[in-house]
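Okay, run-v7.cif is below, mmCIF, C-alpha atoms and all ligand atoms:
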```
data_protein
#
loop_
_atom_site.label_atom_id
_atom_site.label_comp_id
_atom_site.auth_asym_id
_atom_site.auth_seq_id
_atom_site.Cartn_x
_atom_site.Cartn_y
_atom_site.Cartn_z
CA MET J 1 3.79 -17.08 -11.01
CA LYS J 2 2.65 -14.35 -13.40
CA PRO J 3 2.08 -10.76 -12.31
CA SER J 4 -1.55 -9.58 -12.33
CA LEU J 5 -3.06 -6.53 -13.92
CA ILE J 6 -3.39 -3.50 -11.69
CA ARG J 7 -6.97 -2.32 -11.13
CA ILE J 8 -7.41 1.33 -12.02
CA PHE J 9 -9.66 3.89 -10.32
CA PRO J 10 -12.72 3.97 -10.33
CA ASP J 11 -12.79 0.16 -10.19
CA PRO J 12 -15.23 -0.59 -7.33
CA VAL J 13 -12.92 -3.20 -5.74
CA LEU J 14 -10.65 -0.30 -4.74
CA ARG J 15 -13.48 1.11 -2.60
CA LYS J 16 -14.34 -2.09 -0.69
CA LYS J 17 -13.05 -2.80 2.79
CA ALA J 18 -10.88 -5.89 2.42
CA ALA J 19 -11.81 -9.05 4.33
CA LEU J 20 -9.52 -10.06 7.20
CA VAL J 21 -7.45 -13.18 6.58
CA THR J 22 -8.34 -16.01 8.97
CA VAL J 23 -6.83 -19.00 7.14
CA PHE J 24 -3.09 -19.07 6.49
CA ASP J 25 -2.90 -21.58 3.68
CA ARG J 26 -1.30 -22.11 0.28
CA SER J 27 -3.74 -19.78 -1.44
CA LEU J 28 -2.50 -16.97 0.81
CA LEU J 29 1.11 -17.78 -0.14
CA ARG J 30 0.14 -17.71 -3.81
CA LEU J 31 -1.54 -14.33 -3.36
CA VAL J 32 1.60 -12.96 -1.66
CA ALA J 33 3.76 -14.24 -4.56
CA VAL J 34 1.51 -12.62 -7.19
CA LEU J 35 1.50 -9.34 -5.27
CA ILE J 36 5.29 -9.25 -5.04
CA ARG J 37 5.71 -9.99 -8.75
CA THR J 38 3.08 -7.47 -9.78
CA MET J 39 4.65 -4.76 -7.62
CA ARG J 40 8.06 -5.42 -9.16
CA PHE J 41 6.75 -5.24 -12.70
CA GLN J 42 5.22 -1.81 -12.17
CA ALA J 43 7.52 1.19 -12.34
CA HIS J 44 7.87 2.95 -8.97
CA GLY J 45 6.12 0.11 -7.13
CA ILE J 46 7.22 0.26 -3.50
CA GLY J 47 3.96 -1.09 -2.14
CA ILE J 48 0.88 -2.94 -3.28
CA ALA J 49 -2.37 -4.05 -1.69
CA ALA J 50 -4.45 -7.07 -2.74
CA PRO J 51 -7.50 -4.98 -3.82
CA GLN J 52 -5.23 -3.43 -6.47
CA ILE J 53 -5.20 -6.78 -8.26
CA GLY J 54 -8.92 -7.28 -7.65
CA ILE J 55 -8.69 -9.41 -4.50
CA SER J 56 -10.49 -7.97 -1.51
CA ARG J 57 -8.40 -9.58 1.24
CA ALA J 58 -6.33 -7.75 3.87
CA VAL J 59 -2.88 -8.43 2.41
CA ALA J 60 -0.29 -5.85 1.34
CA ILE J 61 3.41 -5.68 0.53
CA VAL J 62 5.72 -2.80 1.43
CA ASP J 63 9.27 -2.78 0.09
CA VAL J 64 11.16 0.52 0.08
CA SER J 65 14.60 -1.11 -0.14
CA ARG J 66 15.23 0.62 -3.48
CA ARG J 67 15.04 3.97 -1.70
CA ASP J 68 16.36 2.93 1.71
CA SER J 69 18.94 0.17 1.59
CA SER J 70 18.43 -0.73 5.26
CA ALA J 71 14.74 -1.54 4.67
CA GLN J 72 13.39 -5.06 4.40
CA ARG J 73 10.35 -6.27 2.54
CA LEU J 74 7.25 -6.43 4.73
CA ILE J 75 4.47 -8.91 4.01
CA LEU J 76 1.50 -7.41 5.82
CA VAL J 77 -1.49 -9.61 6.56
CA ASN J 78 -4.29 -7.92 8.53
CA PRO J 79 -2.16 -4.81 9.21
CA GLU J 80 -3.43 -2.20 11.63
CA ILE J 81 -1.92 1.19 12.45
CA ILE J 82 -1.80 1.84 16.20
CA GLU J 83 -0.14 5.25 16.38
CA ARG J 84 0.93 8.00 13.95
CA ARG J 85 3.36 10.88 14.60
CA GLU J 86 5.28 13.50 12.64
CA PRO J 87 2.68 14.62 10.09
CA GLU J 88 4.13 16.10 6.94
CA ALA J 89 2.76 17.24 3.57
CA ARG J 90 4.24 15.07 0.83
CA LYS J 91 3.73 14.35 -2.85
CA GLU J 92 2.70 10.82 -3.68
CA GLY J 93 1.21 8.65 -6.34
CA CYS J 94 -0.49 5.29 -6.71
CA MET J 95 -0.37 2.56 -9.35
CA SER J 96 -4.18 2.57 -9.41
CA LEU J 97 -4.29 6.29 -10.31
CA PRO J 98 -1.50 6.42 -12.86
CA ASP J 99 -2.17 9.88 -14.27
CA TYR J 100 -1.86 12.00 -11.15
CA MET J 101 0.23 12.71 -8.12
CA ALA J 102 -0.95 14.80 -5.20
CA TYR J 103 0.22 16.67 -2.13
CA LEU J 104 -1.29 15.31 1.05
CA LYS J 105 -0.60 14.82 4.73
CA ARG J 106 1.14 11.61 5.76
CA HIS J 107 3.13 10.59 8.83
CA LEU J 108 6.86 9.92 9.03
CA TRP J 109 6.49 7.83 12.20
CA VAL J 110 3.96 5.01 12.27
CA ARG J 111 3.53 2.19 14.78
CA PHE J 112 1.60 -0.79 13.42
CA ARG J 113 0.94 -4.46 13.96
CA TRP J 114 0.32 -7.20 11.46
CA GLN J 115 0.58 -10.92 10.85
CA ASP J 116 3.03 -12.49 8.44
CA GLU J 117 2.06 -15.01 5.76
CA ARG J 118 2.37 -17.82 8.33
CA GLY J 119 0.06 -16.12 10.83
CA LYS J 120 2.72 -14.92 13.27
CA SER J 121 2.02 -11.52 14.89
CA HIS J 122 4.49 -8.61 14.67
CA GLU J 123 4.67 -5.00 15.78
CA LYS J 124 7.03 -2.31 14.46
CA VAL J 125 7.69 1.41 14.18
CA SER J 126 8.49 2.54 10.64
CA LEU J 127 10.05 5.87 9.75
CA GLY J 128 10.17 8.06 6.67
CA ILE J 129 9.21 6.62 3.30
CA GLU J 130 8.40 3.22 4.82
CA ALA J 131 5.95 4.80 7.28
CA VAL J 132 4.27 6.70 4.44
CA CYS J 133 4.03 3.53 2.37
CA VAL J 134 2.50 1.53 5.25
CA GLU J 135 -0.17 4.23 5.69
CA HIS J 136 -0.88 4.22 1.95
CA GLU J 137 -1.28 0.43 1.78
CA VAL J 138 -3.37 0.14 4.95
CA ASP J 139 -5.62 2.82 3.44
CA HIS J 140 -6.10 0.61 0.36
CA LEU J 141 -7.31 -2.23 2.59
CA ASN J 142 -9.93 0.13 4.00
CA GLY J 143 -11.08 1.29 0.56
CA ILE J 144 -9.33 4.66 0.91
CA LEU J 145 -7.31 6.22 -1.92
CA PHE J 146 -4.80 9.02 -1.68
CA ILE J 147 -7.16 11.42 -3.46
CA ASP J 148 -9.43 11.15 -0.40
CA HIS J 149 -6.78 13.00 1.63
CA VAL J 150 -6.38 15.82 -0.87
CA THR J 151 -7.89 19.02 0.50
CA CYS J 152 -7.88 21.08 -2.69
CA LEU J 153 -8.12 19.17 -5.98
CA LYS J 154 -7.31 22.32 -7.96
CA THR J 155 -3.99 23.14 -6.30
CA ASP J 156 -2.86 19.85 -4.75
CA MET J 157 -3.31 17.45 -7.71
CA VAL J 158 -0.60 17.43 -10.35
CA PRO J 159 -0.47 15.41 -13.59
CA ARG J 160 2.19 12.73 -13.50
CA SER J 161 4.81 13.37 -16.14
CA ARG J 162 5.22 10.42 -18.49
CA LYS J 163 8.61 9.39 -19.74
ZN ZN J 201 -1.79 2.87 -3.98
#
```
Mind converting the file's structure to structure tokens?
Ligand SMILES: [Zn+2]
Amino acid sequence: MKPSLIRIFPDPVLRKKAALVTVFDRSLLRLVAVLIRTMRFQAHGIGIAAPQIGISRAVAIVDVSRRDSSAQRLILVNPEIIERREPEARKEGCMSLPDYMAYLKRHLWVRFRWQDERGKSHEKVSLGIEAVCVEHEVDHLNGILFIDHVTCLKTDMVPRSRK
């Protein structure tokens, strides 16, 4: 399955609230496969949400195993954050806003629930980079981008250095 093109801000699909998944069928499995491939083909991709490839459905992938070898890939269908703790200001970026990074408040402890690609329900507490990534991807499914959390565009936005 080929990777898809990443939608770039201000593409309107990035601002839509994604539809909840109610049918767990082969088209959902195909979407998950395309998301995983697309995330891998993008430098720094540790998470991706379906709206980023133009599909407004509540599906996201989080895989921070490159930064934390104990982490496992999470396939998040209809994810929902239940509780957030340990706020911290951090620098982050997004494949849909490739030119900038920004300092913003995230949480290093996040409890969330979701369904897997077969429809089974799960609940988990994530820590550190994985918690931050889950927040970022769940935001995407609600039409929220990291720039929405930036309090001062002048001081907190930084151009991303290109290699
Ligand atoms: Zn993003």
Select the residues contacting ligand ZN 201 (chain J) at a distance of at most 7 Å, based on all atoms listed in the file, then format the selection as a ChimeraX atom specification.
/J:48,93-96,136-137,140,145
Which is closest to Ala58 (chain J) among J:Cys133, J:Ile6, J:Ala18, J:Cys152, if we use all atoms listed in the file?
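So, comparing all the options, the nearest one is J:Ala18.
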Could you state the separation of CA of Asp99 (chain J) and CA of Arg160 (chain J) in Å, given to one decimal place?
5.3 Å
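Counting from CA of Ala33 (chain J), the distance to CA of Met1 (chain J) is 7.0 Å.
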Please provide as a list of chain:residue names all residues within 12 Å of Ala131 (chain J), with the sequence filter that same-chain residues fewer than 5 positions apart are discarded (counting only C-alpha atoms).
J:Ile46, J:Gly47, J:Val62, J:Asp63, J:Val64, J:Asp68, J:Ala71, J:Leu74, J:Ile81, J:Glu83, J:Arg84, J:Arg85, J:Glu86, J:Pro87, J:Glu88, J:Arg106, J:His107, J:Leu108, J:Trp109, J:Val110, J:Arg111, J:Phe112, J:Lys124, J:Val125, J:Ser126, J:His136, J:Glu137, J:Val138
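Among the candidates J:Asp156, J:Asp11, J:Glu135, J:Glu130, the one nearest to Leu97 (chain J) when counting all atoms listed in the file is J:Asp11.
Put simply, CA of Leu35 (chain J) is 12.5 Å away from CA of Arg7 (chain J).
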Which is closest to Met101 (chain J) among J:Val77, J:Ile55, J:Ile144, J:Val150, if we use all atoms listed in the file?
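Among the listed residues, J:Val150 lies closest to Met101 (chain J).
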(-12.5, -4.6, -1.8) in this file's frame - what residues fall within 6 Å of it? Use all atoms listed in the file and give the answer as a tab-separated table (two decimals) with C-alpha atoms, in the frame of the given file.
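Listing of part34.tsv after writing:
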```tsv
chain	number	residue	atom	x	y	z
J	13	VAL	CA	-12.92	-3.20	-5.74
J	14	LEU	CA	-10.65	-0.30	-4.74
J	15	ARG	CA	-13.48	1.11	-2.60
J	16	LYS	CA	-14.34	-2.09	-0.69
J	17	LYS	CA	-13.05	-2.80	2.79
J	18	ALA	CA	-10.88	-5.89	2.42
J	51	PRO	CA	-7.50	-4.98	-3.82
J	56	SER	CA	-10.49	-7.97	-1.51
```
Quick one: 5 Å padding each side, axis-aligned, all listed atoms of region 34-43 of chain J - centre and edge lengths in Å to one decimal, as AutoDock Vina command-line options?
```
--center_x 4.8 --center_y -5.7 --center_z -8.9 --size_x 16.6 --size_y 23.8 --size_z 17.7
```
Region 116-120 of chain J environment, 10 Å, all atoms listed in the file, sequence neighbours closer than 4 positions dropped, as a compact mmCIF listing (two decimals) with C-alpha atoms, in the coordinates of the input:
```txt
# COMPACT_ATOMS: atom_id res chain seq x y z
CA VAL J 21 -7.45 -13.18 6.58
CA THR J 22 -8.34 -16.01 8.97
CA VAL J 23 -6.83 -19.00 7.14
CA PHE J 24 -3.09 -19.07 6.49
CA ASP J 25 -2.90 -21.58 3.68
CA ARG J 26 -1.30 -22.11 0.28
CA LEU J 28 -2.50 -16.97 0.81
CA LEU J 29 1.11 -17.78 -0.14
CA LEU J 31 -1.54 -14.33 -3.36
CA VAL J 32 1.60 -12.96 -1.66
CA VAL J 59 -2.88 -8.43 2.41
CA LEU J 74 7.25 -6.43 4.73
CA ILE J 75 4.47 -8.91 4.01
CA LEU J 76 1.50 -7.41 5.82
CA VAL J 77 -1.49 -9.61 6.56
CA ASN J 78 -4.29 -7.92 8.53
CA PRO J 79 -2.16 -4.81 9.21
```
Protein, DNA and RNA residues within 7 Å of (-1.4, 14.9, -3.7), all atoms listed in the file, as a list in words
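Here is the list of nearby residues: Lys91, Glu92, Met101, Ala102, Tyr103, Leu104, Ile147, Val150, Asp156 and Met157 of chain J.
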How would the residues just chosen look if you wrote them out with C-alpha atoms as a short mmCIF file (atom, residue, chain, number, x, y, z; two decimals), in the frame of the given file?
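Once everything was written out, this is part_18.cif:
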```cif
data_model
loop_
_atom_site.label_atom_id
_atom_site.label_comp_id
_atom_site.auth_asym_id
_atom_site.auth_seq_id
_atom_site.Cartn_x
_atom_site.Cartn_y
_atom_site.Cartn_z
CA LYS J 91 3.73 14.35 -2.85
CA GLU J 92 2.70 10.82 -3.68
CA MET J 101 0.23 12.71 -8.12
CA ALA J 102 -0.95 14.80 -5.20
CA TYR J 103 0.22 16.67 -2.13
CA LEU J 104 -1.29 15.31 1.05
CA ILE J 147 -7.16 11.42 -3.46
CA VAL J 150 -6.38 15.82 -0.87
CA ASP J 156 -2.86 19.85 -4.75
CA MET J 157 -3.31 17.45 -7.71
#
```
From the list J:Glu123, J:Ser69, J:Asn142, J:Gly45, the nearest residue to Ile82 (chain J) using only C-alpha atoms is J:Glu123
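You can rank J:Arg66, J:Arg57, J:Arg40, J:Lys105 by their closest distance to Ser27 (chain J) using all atoms listed in the file, and at the top of that list sits J:Arg57.
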Rank nothing, just name the residue among J:Ala89, J:Val132, J:Ile61, J:Val158 nearest to Gln115 (chain J), using only C-alpha atoms.
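Among the listed residues, the smallest separation from Gln115 (chain J) belongs to J:Ile61.
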Taking the partial coordinates given, rebuild region 42-75 of chain J to contain N, CA and C atoms; return it as a compact mmCIF listing (two decimals), keeping the file's coordinate frame.
```
# COMPACT_ATOMS: atom_id res chain seq x y z
N GLN J 42 5.73 -3.16 -11.97
CA GLN J 42 5.22 -1.81 -12.17
C GLN J 42 6.30 -0.81 -11.79
N ALA J 43 6.53 0.15 -12.66
CA ALA J 43 7.52 1.19 -12.34
C ALA J 43 7.11 1.90 -11.05
N HIS J 44 8.07 2.22 -10.22
CA HIS J 44 7.87 2.95 -8.97
C HIS J 44 7.13 2.15 -7.90
N GLY J 45 6.90 0.85 -8.13
CA GLY J 45 6.12 0.11 -7.13
C GLY J 45 6.93 -0.14 -5.87
N ILE J 46 6.56 0.51 -4.78
CA ILE J 46 7.22 0.26 -3.50
C ILE J 46 6.23 -0.34 -2.50
N GLY J 47 4.98 -0.47 -2.98
CA GLY J 47 3.96 -1.09 -2.14
C GLY J 47 2.80 -1.50 -3.02
N ILE J 48 2.06 -2.49 -2.53
CA ILE J 48 0.88 -2.94 -3.28
C ILE J 48 -0.07 -3.58 -2.28
N ALA J 49 -1.36 -3.44 -2.54
CA ALA J 49 -2.37 -4.05 -1.69
C ALA J 49 -3.23 -4.97 -2.55
N ALA J 50 -3.72 -6.07 -1.97
CA ALA J 50 -4.45 -7.07 -2.74
C ALA J 50 -5.63 -6.50 -3.53
N PRO J 51 -6.40 -5.52 -3.00
CA PRO J 51 -7.50 -4.98 -3.82
C PRO J 51 -7.02 -4.40 -5.15
N GLN J 52 -5.75 -3.99 -5.22
CA GLN J 52 -5.23 -3.43 -6.47
C GLN J 52 -5.09 -4.48 -7.57
N ILE J 53 -5.13 -5.75 -7.21
CA ILE J 53 -5.20 -6.78 -8.26
C ILE J 53 -6.57 -7.48 -8.21
N GLY J 54 -7.54 -6.81 -7.59
CA GLY J 54 -8.92 -7.28 -7.65
C GLY J 54 -9.29 -8.27 -6.57
N ILE J 55 -8.43 -8.42 -5.56
CA ILE J 55 -8.69 -9.41 -4.50
C ILE J 55 -8.90 -8.69 -3.18
N SER J 56 -10.14 -8.76 -2.68
CA SER J 56 -10.49 -7.97 -1.51
C SER J 56 -10.17 -8.72 -0.21
N ARG J 57 -8.88 -8.94 0.00
CA ARG J 57 -8.40 -9.58 1.24
C ARG J 57 -7.32 -8.69 1.83
N ALA J 58 -7.21 -8.70 3.17
CA ALA J 58 -6.33 -7.75 3.87
C ALA J 58 -4.87 -8.20 3.83
N VAL J 59 -4.28 -8.06 2.64
CA VAL J 59 -2.88 -8.43 2.41
C VAL J 59 -2.22 -7.31 1.62
N ALA J 60 -1.03 -6.89 2.06
CA ALA J 60 -0.29 -5.85 1.34
C ALA J 60 1.20 -6.12 1.46
N ILE J 61 1.95 -5.57 0.51
CA ILE J 61 3.41 -5.68 0.53
C ILE J 61 3.98 -4.26 0.58
N VAL J 62 4.98 -4.07 1.40
CA VAL J 62 5.72 -2.80 1.43
C VAL J 62 7.19 -3.15 1.28
N ASP J 63 7.83 -2.53 0.29
CA ASP J 63 9.27 -2.78 0.09
C ASP J 63 9.92 -1.51 -0.44
N VAL J 64 10.53 -0.76 0.47
CA VAL J 64 11.16 0.52 0.08
C VAL J 64 12.67 0.36 -0.02
N SER J 65 13.15 -0.88 -0.17
CA SER J 65 14.60 -1.11 -0.14
C SER J 65 15.32 -0.42 -1.31
N ARG J 66 14.59 -0.10 -2.39
CA ARG J 66 15.23 0.62 -3.48
C ARG J 66 15.55 2.07 -3.10
N ARG J 67 14.80 2.59 -2.13
CA ARG J 67 15.04 3.97 -1.70
C ARG J 67 15.77 4.04 -0.37
N ASP J 68 15.71 2.96 0.40
CA ASP J 68 16.36 2.93 1.71
C ASP J 68 16.97 1.54 1.87
N SER J 69 18.30 1.47 1.69
CA SER J 69 18.94 0.17 1.59
C SER J 69 18.87 -0.64 2.88
N SER J 70 18.54 0.01 4.01
CA SER J 70 18.43 -0.73 5.26
C SER J 70 17.04 -1.38 5.42
N ALA J 71 16.12 -1.04 4.52
CA ALA J 71 14.74 -1.54 4.67
C ALA J 71 14.62 -2.98 4.20
N GLN J 72 13.69 -3.69 4.81
CA GLN J 72 13.39 -5.06 4.40
C GLN J 72 11.95 -5.14 3.91
N ARG J 73 11.71 -6.11 3.05
CA ARG J 73 10.35 -6.27 2.54
C ARG J 73 9.41 -6.72 3.66
N LEU J 74 8.25 -6.08 3.73
CA LEU J 74 7.25 -6.43 4.73
C LEU J 74 6.05 -7.08 4.04
N ILE J 75 5.68 -8.25 4.50
CA ILE J 75 4.47 -8.91 4.01
C ILE J 75 3.42 -8.71 5.10
```
